[in-house]
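Novice: Quick one: the structure is below, and I'll ask about it shortly.
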Amino acid sequence: MKRLLEIRKLSQKDKKWIHRDSFRILNKEEIWITAYEKLKGNKGALTPGSTPETMDGMSLERLKRLQEKVCSGKYKFKPVKLTYIPKPDGRRRPLGLSTANDKIVQEVMRMILEAIYEPVFVEESFGFRAGLGCHDALYHVENKFRWMDYVIEGDIEQAYPTIDHRILIKILQKRIDDHRFITLVWKCLKCGVLDEEQIKWLKTGVPQGSIVSPILANIYYHELDKFVQILTIKYETPESERNNLKSPAYKALEYKINKVSERMRNHEPQTKERHELSKELKTLRSEHLQTNSLKNNTIRIEYVRYADDWMIGMSGYKKLAHKIKEEISNFMKNDLVQNLHPLKTKITNLREGNVHFLGYEIFLPKNRPISSYKGKRVKTIRRSQPQLRFDIPVAEITKRYAERGYFKQLPKGVRPISIGSYTVLEDHVIVSHYRSLWLGLLNYYSGCPNRGRLQYIHYLLHMSCAMTLGHRHRMSCSKIFRKHGKTLKIEIKDTAKTVSFPYKTSWKLKERKWLRGKKVEIPNYRQVKNLVS
């Protein structure tokens, strides 16, 4: 592990450092044991891939045999077994399942790649990185995008399946000068997929669900991050010039306002002259607010990326936003051999429409809020700075849960229903499942200022849970609530533990917070599995 720390330090010291003899780390027994220890507690540790073997029964001898096979160059990755997750539009999303040995080898590869590339990745990249999560990306958006006029929402068509293997290897070779390690990556990419009993050999793509896929995708899209940095330097107004671009009309009004203010100070309060000057000052200030302050629009560019989801914010001209979008589209097509979705990649005015990013709807209020203070003979009017609003897509959330059978879709809205298949389960299992669904939503949308928007979803899940319990015991919801209380508190048999559905009653703004530094995941409504299959 000391060797990994040395590699990380070299990358931090020089971001262009070329790493040699990376493969030699695989000779260290410690890294294999560490990789196994990280994986053995995962949910998928006992899930078989294309072969029946799992992490169960892994011994030190088996690890040594695996290490020797990899270090001798004789190891071959088994085909990745594909399973499909249905999408609401009828399509299916592939998910790859690797064998137990392949998972350990991939974890070792991931640890080495992370040590090399983690110090190199840009600050605006948040996906699949240690100590960073969705809320870190959203916090970055809240702080950096508040001054933006237009946002380019990026959507890459079939991002993971279209990653070009040859281009990825060339990108790796820029920083890793080690033929044996590159060959190991090649073997991993070329292992093939087992799709419905047929093995397919693919020239593009990294399997979703693979341990090493996220870091490889981040390395691939780091090229996009660097290209956006080039565009920022190319188009953004330098910091030194931003304070010297006031328009002549704006400067003239500032001069008049100062002169009238000086004349007012020379007159006693309540005099006719001061009253006339006050009216003139009010007119000038009104005109001042409506006048464009800048001679030329200051161009500012901000960027954020989470895995394959990215946005570029821009203050300036809409024509420039279209130009930047076109340049990125050409870069993706020519350099990364991928395409931006023609409909989903769009330019949005933040004051006229909503931007969708990581499950939130983001927008700027059309009018800045105005606050006033009235003291002795003085009335001060202040316009507050623009604040980004983060809203919860309630209709989208309820629609997804309706597709999974928790609610019934009506012509207008939804209503809670019981899930008949859950009635064979114990009461505490049912309540625990609904509890996890609700807490996942509550934690993820803790950054929304209007958290009361979740109250409707809370009611629906709460009632659906009670109705399912009622269905199981052939009782009405009112009887269920009388028996278990409004929190649906259930005792777990043969233990002193209880489980309950959290009854949320407070939706105060002061409770709003981003859960930074934590792996808060987007609620994936498409993957809410039925407990009984």
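Residue numbering restarts at 1 in every chain; chains get A, B, ... in the order shown in the structure tokens, and ligands count up from 1 in that same order.
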Region 102-107 of chain A: which residues within 10 Å, counting only C-alpha atoms, same-chain residues fewer than 5 positions away excluded, as an mmCIF file with all heavy atoms, in the first residue's frame?
Specialist:
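Output below, filename out_11.cif:
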```cif
data_model
loop_
_atom_site.group_PDB
_atom_site.id
_atom_site.type_symbol
_atom_site.label_atom_id
_atom_site.label_comp_id
_atom_site.auth_asym_id
_atom_site.auth_seq_id
_atom_site.Cartn_x
_atom_site.Cartn_y
_atom_site.Cartn_z
ATOM 1 N N LEU A 26 1.322 -5.629 -8.475
ATOM 2 C CA LEU A 26 0.512 -6.843 -8.377
ATOM 3 C C LEU A 26 1.269 -8.001 -7.734
ATOM 4 O O LEU A 26 0.658 -8.999 -7.335
ATOM 5 C CB LEU A 26 0.005 -7.255 -9.761
ATOM 6 C CG LEU A 26 -1.283 -6.573 -10.243
ATOM 7 C CD1 LEU A 26 -1.044 -5.102 -10.542
ATOM 8 C CD2 LEU A 26 -1.839 -7.250 -11.485
ATOM 9 N N ILE A 31 -1.926 -6.069 -1.519
ATOM 10 C CA ILE A 31 -2.952 -5.411 -2.324
ATOM 11 C C ILE A 31 -4.089 -6.379 -2.661
ATOM 12 O O ILE A 31 -5.256 -5.977 -2.760
ATOM 13 C CB ILE A 31 -2.333 -4.800 -3.608
ATOM 14 C CG1 ILE A 31 -3.328 -3.805 -4.237
ATOM 15 C CG2 ILE A 31 -1.940 -5.870 -4.616
ATOM 16 C CD1 ILE A 31 -2.733 -2.991 -5.368
ATOM 17 N N TRP A 32 -3.772 -7.661 -2.807
ATOM 18 C CA TRP A 32 -4.808 -8.659 -3.105
ATOM 19 C C TRP A 32 -5.703 -8.898 -1.890
ATOM 20 O O TRP A 32 -6.921 -9.022 -2.011
ATOM 21 C CB TRP A 32 -4.156 -9.963 -3.552
ATOM 22 C CG TRP A 32 -3.459 -9.824 -4.872
ATOM 23 C CD1 TRP A 32 -2.149 -9.484 -5.087
ATOM 24 C CD2 TRP A 32 -4.044 -9.975 -6.162
ATOM 25 N NE1 TRP A 32 -1.879 -9.419 -6.424
ATOM 26 C CE2 TRP A 32 -3.032 -9.723 -7.124
ATOM 27 C CE3 TRP A 32 -5.311 -10.317 -6.616
ATOM 28 C CZ2 TRP A 32 -3.248 -9.792 -8.483
ATOM 29 C CZ3 TRP A 32 -5.541 -10.394 -7.985
ATOM 30 C CH2 TRP A 32 -4.523 -10.129 -8.897
ATOM 31 N N ILE A 33 -5.082 -8.941 -0.724
ATOM 32 C CA ILE A 33 -5.862 -9.132 0.505
ATOM 33 C C ILE A 33 -6.773 -7.921 0.740
ATOM 34 O O ILE A 33 -7.942 -8.059 1.102
ATOM 35 C CB ILE A 33 -4.923 -9.362 1.711
ATOM 36 C CG1 ILE A 33 -4.143 -10.666 1.522
ATOM 37 C CG2 ILE A 33 -5.706 -9.385 3.014
ATOM 38 C CD1 ILE A 33 -3.054 -10.896 2.556
ATOM 39 N N THR A 34 -6.221 -6.723 0.513
ATOM 40 C CA THR A 34 -7.010 -5.495 0.682
ATOM 41 C C THR A 34 -8.195 -5.474 -0.281
ATOM 42 O O THR A 34 -9.311 -5.092 0.091
ATOM 43 C CB THR A 34 -6.127 -4.254 0.453
ATOM 44 O OG1 THR A 34 -5.002 -4.303 1.333
ATOM 45 C CG2 THR A 34 -6.919 -2.970 0.708
ATOM 46 N N ALA A 35 -7.959 -5.881 -1.538
ATOM 47 C CA ALA A 35 -9.032 -5.907 -2.544
ATOM 48 C C ALA A 35 -10.145 -6.859 -2.113
ATOM 49 O O ALA A 35 -11.338 -6.527 -2.212
ATOM 50 C CB ALA A 35 -8.475 -6.317 -3.898
ATOM 51 N N TYR A 36 -9.763 -8.037 -1.639
ATOM 52 C CA TYR A 36 -10.769 -9.007 -1.188
ATOM 53 C C TYR A 36 -11.550 -8.476 0.014
ATOM 54 O O TYR A 36 -12.775 -8.629 0.081
ATOM 55 C CB TYR A 36 -10.094 -10.340 -0.840
ATOM 56 C CG TYR A 36 -11.012 -11.285 -0.103
ATOM 57 C CD1 TYR A 36 -12.124 -11.851 -0.736
ATOM 58 C CD2 TYR A 36 -10.802 -11.588 1.245
ATOM 59 C CE1 TYR A 36 -12.986 -12.696 -0.056
ATOM 60 C CE2 TYR A 36 -11.663 -12.443 1.929
ATOM 61 C CZ TYR A 36 -12.752 -12.984 1.269
ATOM 62 O OH TYR A 36 -13.612 -13.811 1.944
ATOM 63 N N GLU A 37 -10.850 -7.863 0.985
ATOM 64 C CA GLU A 37 -11.509 -7.336 2.186
ATOM 65 C C GLU A 37 -12.533 -6.260 1.814
ATOM 66 O O GLU A 37 -13.578 -6.142 2.452
ATOM 67 C CB GLU A 37 -10.466 -6.740 3.140
ATOM 68 C CG GLU A 37 -9.576 -7.772 3.815
ATOM 69 C CD GLU A 37 -10.347 -8.671 4.774
ATOM 70 O OE1 GLU A 37 -11.346 -8.208 5.354
ATOM 71 O OE2 GLU A 37 -9.949 -9.842 4.932
ATOM 72 N N LYS A 38 -12.246 -5.456 0.773
ATOM 73 C CA LYS A 38 -13.177 -4.415 0.345
ATOM 74 C C LYS A 38 -14.436 -5.004 -0.289
ATOM 75 O O LYS A 38 -15.521 -4.434 -0.183
ATOM 76 C CB LYS A 38 -12.492 -3.475 -0.658
ATOM 77 C CG LYS A 38 -11.543 -2.488 -0.019
ATOM 78 C CD LYS A 38 -11.026 -1.501 -1.065
ATOM 79 C CE LYS A 38 -10.138 -0.449 -0.429
ATOM 80 N NZ LYS A 38 -9.653 0.546 -1.421
ATOM 81 N N LEU A 39 -14.272 -6.147 -0.950
ATOM 82 C CA LEU A 39 -15.378 -6.702 -1.735
ATOM 83 C C LEU A 39 -16.245 -7.690 -0.966
ATOM 84 O O LEU A 39 -17.430 -7.846 -1.276
ATOM 85 C CB LEU A 39 -14.829 -7.406 -2.985
ATOM 86 C CG LEU A 39 -14.129 -6.527 -4.021
ATOM 87 C CD1 LEU A 39 -13.571 -7.390 -5.137
ATOM 88 C CD2 LEU A 39 -15.078 -5.497 -4.603
ATOM 89 N N LYS A 40 -15.690 -8.345 0.014
ATOM 90 C CA LYS A 40 -16.398 -9.472 0.620
ATOM 91 C C LYS A 40 -17.702 -9.067 1.314
ATOM 92 O O LYS A 40 -18.618 -9.884 1.440
ATOM 93 C CB LYS A 40 -15.491 -10.203 1.604
ATOM 94 C CG LYS A 40 -15.184 -9.434 2.884
ATOM 95 C CD LYS A 40 -14.344 -10.271 3.833
ATOM 96 C CE LYS A 40 -14.102 -9.548 5.161
ATOM 97 N NZ LYS A 40 -13.288 -10.346 6.095
ATOM 98 N N ALA A 45 -21.395 -9.794 -3.462
ATOM 99 C CA ALA A 45 -20.279 -10.722 -3.250
ATOM 100 C C ALA A 45 -20.677 -12.175 -3.490
ATOM 101 O O ALA A 45 -19.869 -12.991 -3.923
ATOM 102 C CB ALA A 45 -19.731 -10.553 -1.828
ATOM 103 N N GLY A 49 -21.439 -14.808 -11.503
ATOM 104 C CA GLY A 49 -21.420 -14.232 -12.841
ATOM 105 C C GLY A 49 -21.678 -15.313 -13.871
ATOM 106 O O GLY A 49 -22.635 -16.080 -13.755
ATOM 107 N N THR A 54 -18.377 -17.840 -6.263
ATOM 108 C CA THR A 54 -18.637 -16.561 -5.588
ATOM 109 C C THR A 54 -17.500 -16.285 -4.609
ATOM 110 O O THR A 54 -16.530 -17.041 -4.530
ATOM 111 C CB THR A 54 -19.978 -16.598 -4.820
ATOM 112 O OG1 THR A 54 -19.877 -17.532 -3.746
ATOM 113 C CG2 THR A 54 -21.125 -16.981 -5.745
ATOM 114 N N MET A 55 -17.640 -15.213 -3.829
ATOM 115 C CA MET A 55 -16.636 -14.867 -2.820
ATOM 116 C C MET A 55 -16.676 -15.838 -1.639
ATOM 117 O O MET A 55 -15.757 -15.856 -0.823
ATOM 118 C CB MET A 55 -16.875 -13.442 -2.292
ATOM 119 C CG MET A 55 -16.689 -12.368 -3.325
ATOM 120 S SD MET A 55 -14.958 -12.016 -3.630
ATOM 121 C CE MET A 55 -15.115 -10.739 -4.878
ATOM 122 N N LEU A 63 -6.356 -16.938 -3.183
ATOM 123 C CA LEU A 63 -5.896 -15.598 -3.571
ATOM 124 C C LEU A 63 -4.495 -15.652 -4.171
ATOM 125 O O LEU A 63 -4.204 -14.988 -5.164
ATOM 126 C CB LEU A 63 -5.898 -14.669 -2.356
ATOM 127 C CG LEU A 63 -7.155 -13.843 -2.077
ATOM 128 C CD1 LEU A 63 -6.969 -12.991 -0.840
ATOM 129 C CD2 LEU A 63 -7.539 -12.969 -3.255
ATOM 130 N N LEU A 66 -4.596 -17.009 -7.657
ATOM 131 C CA LEU A 66 -5.104 -15.968 -8.559
ATOM 132 C C LEU A 66 -4.016 -14.948 -8.853
ATOM 133 O O LEU A 66 -3.818 -14.542 -10.015
ATOM 134 C CB LEU A 66 -6.325 -15.288 -7.918
ATOM 135 C CG LEU A 66 -6.974 -14.127 -8.690
ATOM 136 C CD1 LEU A 66 -7.510 -14.616 -10.037
ATOM 137 C CD2 LEU A 66 -8.100 -13.505 -7.872
ATOM 138 N N GLN A 67 -3.272 -14.537 -7.821
ATOM 139 C CA GLN A 67 -2.180 -13.577 -7.991
ATOM 140 C C GLN A 67 -1.110 -14.108 -8.934
ATOM 141 O O GLN A 67 -0.651 -13.402 -9.848
ATOM 142 C CB GLN A 67 -1.573 -13.242 -6.621
ATOM 143 C CG GLN A 67 -0.391 -12.290 -6.684
ATOM 144 C CD GLN A 67 0.306 -12.150 -5.342
ATOM 145 O OE1 GLN A 67 -0.060 -12.800 -4.372
ATOM 146 N NE2 GLN A 67 1.325 -11.304 -5.281
ATOM 147 N N VAL A 70 -2.276 -14.068 -12.582
ATOM 148 C CA VAL A 70 -2.295 -12.720 -13.172
ATOM 149 C C VAL A 70 -0.877 -12.245 -13.435
ATOM 150 O O VAL A 70 -0.566 -11.722 -14.516
ATOM 151 C CB VAL A 70 -3.047 -11.727 -12.245
ATOM 152 C CG1 VAL A 70 -2.912 -10.304 -12.781
ATOM 153 C CG2 VAL A 70 -4.518 -12.102 -12.127
ATOM 154 N N TYR A 75 -3.636 -15.197 -16.899
ATOM 155 C CA TYR A 75 -5.034 -15.038 -16.461
ATOM 156 C C TYR A 75 -5.903 -14.508 -17.611
ATOM 157 O O TYR A 75 -5.506 -13.612 -18.348
ATOM 158 C CB TYR A 75 -5.121 -14.075 -15.275
ATOM 159 C CG TYR A 75 -6.516 -13.972 -14.697
ATOM 160 C CD1 TYR A 75 -7.016 -14.957 -13.851
ATOM 161 C CD2 TYR A 75 -7.348 -12.910 -15.026
ATOM 162 C CE1 TYR A 75 -8.297 -14.876 -13.330
ATOM 163 C CE2 TYR A 75 -8.631 -12.816 -14.508
ATOM 164 C CZ TYR A 75 -9.098 -13.798 -13.665
ATOM 165 O OH TYR A 75 -10.368 -13.723 -13.148
ATOM 166 N N LYS A 76 -7.084 -15.098 -17.724
ATOM 167 C CA LYS A 76 -8.068 -14.650 -18.717
ATOM 168 C C LYS A 76 -9.383 -14.323 -18.016
ATOM 169 O O LYS A 76 -9.875 -15.118 -17.214
ATOM 170 C CB LYS A 76 -8.306 -15.736 -19.770
ATOM 171 C CG LYS A 76 -7.112 -15.992 -20.673
ATOM 172 C CD LYS A 76 -7.447 -17.038 -21.740
ATOM 173 C CE LYS A 76 -6.242 -17.289 -22.646
ATOM 174 N NZ LYS A 76 -6.569 -18.306 -23.698
ATOM 175 N N PHE A 77 -9.913 -13.161 -18.330
ATOM 176 C CA PHE A 77 -11.193 -12.756 -17.753
ATOM 177 C C PHE A 77 -12.322 -13.558 -18.388
ATOM 178 O O PHE A 77 -12.326 -13.807 -19.608
ATOM 179 C CB PHE A 77 -11.444 -11.258 -17.985
ATOM 180 C CG PHE A 77 -10.553 -10.360 -17.172
ATOM 181 C CD1 PHE A 77 -9.311 -9.972 -17.652
ATOM 182 C CD2 PHE A 77 -10.965 -9.905 -15.937
ATOM 183 C CE1 PHE A 77 -8.484 -9.150 -16.914
ATOM 184 C CE2 PHE A 77 -10.147 -9.076 -15.181
ATOM 185 C CZ PHE A 77 -8.908 -8.698 -15.675
ATOM 186 N N LYS A 78 -13.275 -13.938 -17.568
ATOM 187 C CA LYS A 78 -14.451 -14.651 -18.060
ATOM 188 C C LYS A 78 -15.450 -13.648 -18.647
ATOM 189 O O LYS A 78 -15.469 -12.478 -18.259
ATOM 190 C CB LYS A 78 -15.120 -15.427 -16.921
ATOM 191 C CG LYS A 78 -14.251 -16.492 -16.289
ATOM 192 C CD LYS A 78 -14.054 -17.664 -17.223
ATOM 193 C CE LYS A 78 -13.388 -18.849 -16.520
ATOM 194 N NZ LYS A 78 -12.048 -18.576 -16.018
ATOM 195 N N PRO A 79 -16.287 -14.082 -19.598
ATOM 196 C CA PRO A 79 -17.305 -13.171 -20.137
ATOM 197 C C PRO A 79 -18.218 -12.631 -19.033
ATOM 198 O O PRO A 79 -18.535 -13.332 -18.070
ATOM 199 C CB PRO A 79 -18.089 -14.067 -21.107
ATOM 200 C CG PRO A 79 -17.134 -15.142 -21.474
ATOM 201 C CD PRO A 79 -16.303 -15.401 -20.257
ATOM 202 N N VAL A 80 -18.599 -11.380 -19.179
ATOM 203 C CA VAL A 80 -19.487 -10.734 -18.209
ATOM 204 C C VAL A 80 -20.923 -11.165 -18.491
ATOM 205 O O VAL A 80 -21.409 -11.041 -19.619
ATOM 206 C CB VAL A 80 -19.365 -9.194 -18.304
ATOM 207 C CG1 VAL A 80 -20.356 -8.519 -17.366
ATOM 208 C CG2 VAL A 80 -17.949 -8.762 -17.972
ATOM 209 N N LEU A 97 -22.509 -8.704 -14.738
ATOM 210 C CA LEU A 97 -22.130 -9.442 -13.525
ATOM 211 C C LEU A 97 -20.842 -10.203 -13.808
ATOM 212 O O LEU A 97 -20.812 -11.126 -14.625
ATOM 213 C CB LEU A 97 -23.244 -10.413 -13.115
ATOM 214 C CG LEU A 97 -24.609 -9.802 -12.757
ATOM 215 C CD1 LEU A 97 -25.625 -10.912 -12.508
ATOM 216 C CD2 LEU A 97 -24.497 -8.900 -11.538
ATOM 217 N N ILE A 112 -5.082 0.755 -8.357
ATOM 218 C CA ILE A 112 -3.890 1.318 -9.019
ATOM 219 C C ILE A 112 -4.268 2.522 -9.870
ATOM 220 O O ILE A 112 -3.620 3.581 -9.821
ATOM 221 C CB ILE A 112 -3.187 0.238 -9.867
ATOM 222 C CG1 ILE A 112 -2.660 -0.883 -8.962
ATOM 223 C CG2 ILE A 112 -2.051 0.839 -10.688
ATOM 224 C CD1 ILE A 112 -2.154 -2.106 -9.707
ATOM 225 N N LEU A 113 -5.336 2.383 -10.667
ATOM 226 C CA LEU A 113 -5.778 3.489 -11.517
ATOM 227 C C LEU A 113 -6.219 4.691 -10.691
ATOM 228 O O LEU A 113 -5.965 5.837 -11.064
ATOM 229 C CB LEU A 113 -6.931 3.017 -12.420
ATOM 230 C CG LEU A 113 -6.552 2.035 -13.540
ATOM 231 C CD1 LEU A 113 -7.807 1.467 -14.191
ATOM 232 C CD2 LEU A 113 -5.687 2.728 -14.586
ATOM 233 N N LEU A 184 -3.255 -6.045 -19.375
ATOM 234 C CA LEU A 184 -4.274 -6.516 -18.437
ATOM 235 C C LEU A 184 -5.582 -5.751 -18.625
ATOM 236 O O LEU A 184 -6.669 -6.342 -18.597
ATOM 237 C CB LEU A 184 -3.767 -6.366 -16.998
ATOM 238 C CG LEU A 184 -4.675 -6.933 -15.901
ATOM 239 C CD1 LEU A 184 -4.802 -8.454 -16.030
ATOM 240 C CD2 LEU A 184 -4.147 -6.559 -14.520
ATOM 241 N N VAL A 185 -5.475 -4.445 -18.858
ATOM 242 C CA VAL A 185 -6.683 -3.641 -19.113
ATOM 243 C C VAL A 185 -7.342 -4.092 -20.413
ATOM 244 O O VAL A 185 -8.573 -4.210 -20.496
ATOM 245 C CB VAL A 185 -6.342 -2.134 -19.168
ATOM 246 C CG1 VAL A 185 -7.585 -1.317 -19.519
ATOM 247 C CG2 VAL A 185 -5.772 -1.653 -17.831
ATOM 248 N N CYS A 188 -9.304 -7.172 -19.896
ATOM 249 C CA CYS A 188 -10.551 -6.868 -19.185
ATOM 250 C C CYS A 188 -11.606 -6.313 -20.136
ATOM 251 O O CYS A 188 -12.783 -6.682 -20.061
ATOM 252 C CB CYS A 188 -10.262 -5.880 -18.058
ATOM 253 S SG CYS A 188 -11.704 -5.455 -17.055
ATOM 254 N N SER A 210 -19.661 -3.273 -13.608
ATOM 255 C CA SER A 210 -18.300 -3.760 -13.396
ATOM 256 C C SER A 210 -17.570 -2.845 -12.410
ATOM 257 O O SER A 210 -17.778 -1.629 -12.403
ATOM 258 C CB SER A 210 -17.551 -3.798 -14.732
ATOM 259 O OG SER A 210 -16.182 -4.015 -14.539
ATOM 260 N N ILE A 211 -16.696 -3.412 -11.595
ATOM 261 C CA ILE A 211 -15.985 -2.641 -10.566
ATOM 262 C C ILE A 211 -15.056 -1.605 -11.176
ATOM 263 O O ILE A 211 -14.923 -0.489 -10.674
ATOM 264 C CB ILE A 211 -15.197 -3.602 -9.653
ATOM 265 C CG1 ILE A 211 -16.174 -4.428 -8.810
ATOM 266 C CG2 ILE A 211 -14.221 -2.850 -8.747
ATOM 267 C CD1 ILE A 211 -15.548 -5.573 -8.071
ATOM 268 N N VAL A 212 -14.396 -1.950 -12.266
ATOM 269 C CA VAL A 212 -13.400 -1.066 -12.856
ATOM 270 C C VAL A 212 -14.015 -0.083 -13.861
ATOM 271 O O VAL A 212 -13.366 0.892 -14.254
ATOM 272 C CB VAL A 212 -12.282 -1.910 -13.522
ATOM 273 C CG1 VAL A 212 -12.743 -2.457 -14.871
ATOM 274 C CG2 VAL A 212 -10.988 -1.127 -13.652
ATOM 275 N N SER A 213 -15.272 -0.299 -14.252
ATOM 276 C CA SER A 213 -15.904 0.562 -15.263
ATOM 277 C C SER A 213 -16.002 2.028 -14.856
ATOM 278 O O SER A 213 -15.717 2.923 -15.673
ATOM 279 C CB SER A 213 -17.300 0.033 -15.616
ATOM 280 O OG SER A 213 -17.215 -1.192 -16.299
#
```
Novice: Give the answer as one residue: which of A:Asp136, A:Trp201, A:Glu29, A:Ile7 has the shortest atom-to-atom distance to Glu114 (chain A), using only C-alpha atoms?
Specialist: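 Ranking A:Asp136, A:Trp201, A:Glu29, A:Ile7 by distance to Glu114 (chain A), first place goes to A:Ile7.
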Novice: Taking only region 303-418 of chain A into account, list the residues labelled strand (DSSP E) by DSSP (computed from the backbone), as a VMD selection string.
Specialist: chain A and resid 303 to 306 309 to 315 346 to 349 355 to 357 360 to 363 370 to 375 378 to 383 389 to 391 407 to 409 414 to 416
Novice: Which polymer residues have any atom within 6 Å of an atom of region 160-174 of chain A, counting only C-alpha atoms, with same-chain residues fewer than 2 positions away left out, as a list in words?
Specialist: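 The residues satisfying every condition are Gln158, Ile176, Asp177, Thr204, Gly205 and Val206 of chain A.
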Novice: With N, CA, C and O atoms kept, could you save the residues just selected as an mmCIF file, in the first residue's frame?
Specialist:
```cif
data_model
loop_
_atom_site.group_PDB
_atom_site.id
_atom_site.type_symbol
_atom_site.label_atom_id
_atom_site.label_comp_id
_atom_site.auth_asym_id
_atom_site.auth_seq_id
_atom_site.Cartn_x
_atom_site.Cartn_y
_atom_site.Cartn_z
ATOM 1 N N GLN A 158 -26.008 6.696 -25.158
ATOM 2 C CA GLN A 158 -25.449 5.397 -24.755
ATOM 3 C C GLN A 158 -23.981 5.542 -24.339
ATOM 4 O O GLN A 158 -23.069 4.976 -24.958
ATOM 5 N N ILE A 176 0.545 5.956 -18.374
ATOM 6 C CA ILE A 176 1.023 4.662 -17.886
ATOM 7 C C ILE A 176 1.898 4.018 -18.957
ATOM 8 O O ILE A 176 1.407 3.575 -19.999
ATOM 9 N N ASP A 177 3.190 3.996 -18.700
ATOM 10 C CA ASP A 177 4.149 3.377 -19.636
ATOM 11 C C ASP A 177 4.521 2.002 -19.085
ATOM 12 O O ASP A 177 5.602 1.798 -18.527
ATOM 13 N N THR A 204 -16.472 -1.921 -28.395
ATOM 14 C CA THR A 204 -16.700 -0.695 -27.631
ATOM 15 C C THR A 204 -17.429 -1.031 -26.334
ATOM 16 O O THR A 204 -18.063 -2.086 -26.215
ATOM 17 N N GLY A 205 -17.345 -0.118 -25.381
ATOM 18 C CA GLY A 205 -18.151 -0.215 -24.176
ATOM 19 C C GLY A 205 -17.438 -0.817 -22.983
ATOM 20 O O GLY A 205 -16.549 -1.656 -23.119
ATOM 21 N N VAL A 206 -17.836 -0.331 -21.798
ATOM 22 C CA VAL A 206 -17.420 -0.938 -20.539
ATOM 23 C C VAL A 206 -18.699 -1.370 -19.828
ATOM 24 O O VAL A 206 -19.665 -0.619 -19.776
#
```
Novice: Quick one: residues within 8 Å of region 351-362 of chain A, only C-alpha atoms counted, chain neighbours fewer than 5 positions away excluded, as a compact mmCIF listing (two decimals) with N, CA, C and O atoms, in the first residue's frame?
Specialist:
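Listed below is the output, part-v6.txt:
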```
# COMPACT_ATOMS: atom_id res chain seq x y z
N CYS A 134 -23.34 12.92 -5.01
CA CYS A 134 -24.26 13.77 -5.77
C CYS A 134 -24.43 15.13 -5.10
O CYS A 134 -24.49 16.16 -5.79
N LEU A 138 -24.15 19.01 -6.51
CA LEU A 138 -25.26 19.96 -6.43
C LEU A 138 -24.88 21.20 -5.63
O LEU A 138 -25.29 22.32 -5.96
N ASP A 149 -26.50 32.78 -17.05
CA ASP A 149 -27.72 33.11 -17.80
C ASP A 149 -28.24 31.88 -18.54
O ASP A 149 -29.44 31.62 -18.57
N VAL A 151 -27.62 27.61 -19.60
CA VAL A 151 -27.01 26.34 -19.21
C VAL A 151 -27.13 25.36 -20.37
O VAL A 151 -28.21 25.19 -20.95
N GLU A 153 -27.23 21.65 -21.13
CA GLU A 153 -27.42 20.33 -20.50
C GLU A 153 -26.88 19.27 -21.45
O GLU A 153 -27.35 19.14 -22.57
N ASP A 309 -23.17 12.61 -16.81
CA ASP A 309 -24.08 13.76 -16.78
C ASP A 309 -23.26 15.03 -16.55
O ASP A 309 -22.50 15.11 -15.57
N LEU A 388 -30.16 30.34 -6.72
CA LEU A 388 -30.68 29.20 -7.48
C LEU A 388 -31.72 28.47 -6.67
O LEU A 388 -31.58 28.30 -5.46
N ARG A 389 -32.78 28.05 -7.32
CA ARG A 389 -33.82 27.26 -6.66
C ARG A 389 -33.69 25.80 -7.08
O ARG A 389 -33.54 25.50 -8.26
N PHE A 390 -33.77 24.93 -6.11
CA PHE A 390 -33.71 23.49 -6.35
C PHE A 390 -35.07 22.91 -6.00
O PHE A 390 -35.48 22.96 -4.84
N ASP A 391 -35.76 22.39 -6.99
CA ASP A 391 -37.11 21.88 -6.78
C ASP A 391 -37.14 20.36 -6.94
O ASP A 391 -36.25 19.76 -7.56
N ILE A 392 -38.17 19.77 -6.37
CA ILE A 392 -38.33 18.31 -6.40
C ILE A 392 -39.33 17.93 -7.49
O ILE A 392 -40.45 18.45 -7.50
N PRO A 393 -38.98 17.04 -8.41
CA PRO A 393 -39.91 16.63 -9.48
C PRO A 393 -40.94 15.64 -8.94
O PRO A 393 -40.86 14.44 -9.18
N ILE A 522 -28.73 8.82 -6.02
CA ILE A 522 -30.00 9.22 -6.61
C ILE A 522 -31.00 8.08 -6.45
O ILE A 522 -30.68 6.93 -6.77
```
Novice: Within region 152-355 of chain A, find each residue whose DSSP state, derived from the backbone, is alpha helix (DSSP H), and express the selection as a ChimeraX atom specification.
Specialist: /A:165-173,179-189,213-235,248-265,272-290,318-335
Novice: Kindly indicate which residue among A:Ile219, A:Arg110, A:Arg300, A:Thr291 lies nearest to Ile233 (chain A), using only C-alpha atoms for the distances.
Specialist: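 For Ile233 (chain A), the nearest of the candidates is A:Arg300.
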Novice: Can you list, as a list in words, every protein, DNA or RNA residue that comes within 8 Å of Asn339 (chain A) when you count only C-alpha atoms, leaving out same-chain residues fewer than 6 positions away?
Specialist: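 The residues satisfying every condition are Ile156, Glu157, Ser329, Met332 and Lys333 of chain A.
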Novice: Using only C-alpha atoms, which residues sit within 10 Å of Gly405 (chain A) once same-chain residues fewer than 5 positions away are excluded, as a list in words?
Specialist: Lys399, Arg400, Pro416, Ile417, Ser418, Ile419, Gly420, Ser464 and Asn530 of chain A
Novice: Might you pull out every residue within 12 Å of Phe121 (chain A), with only C-alpha atoms counted and same-chain residues fewer than 3 positions away left off, and present them as an MDAnalysis selection string?
Specialist: chainID A and resid 11:12 15:16 113:118 124:130 215 218:226 305
Novice: Calculate how many Å separate CA of Arg472 (chain A) from CA of Tyr422 (chain A), rounding to one decimal.
Specialist: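 Computed distance, CA of Arg472 (chain A) to CA of Tyr422 (chain A), equals 8.0 Å.
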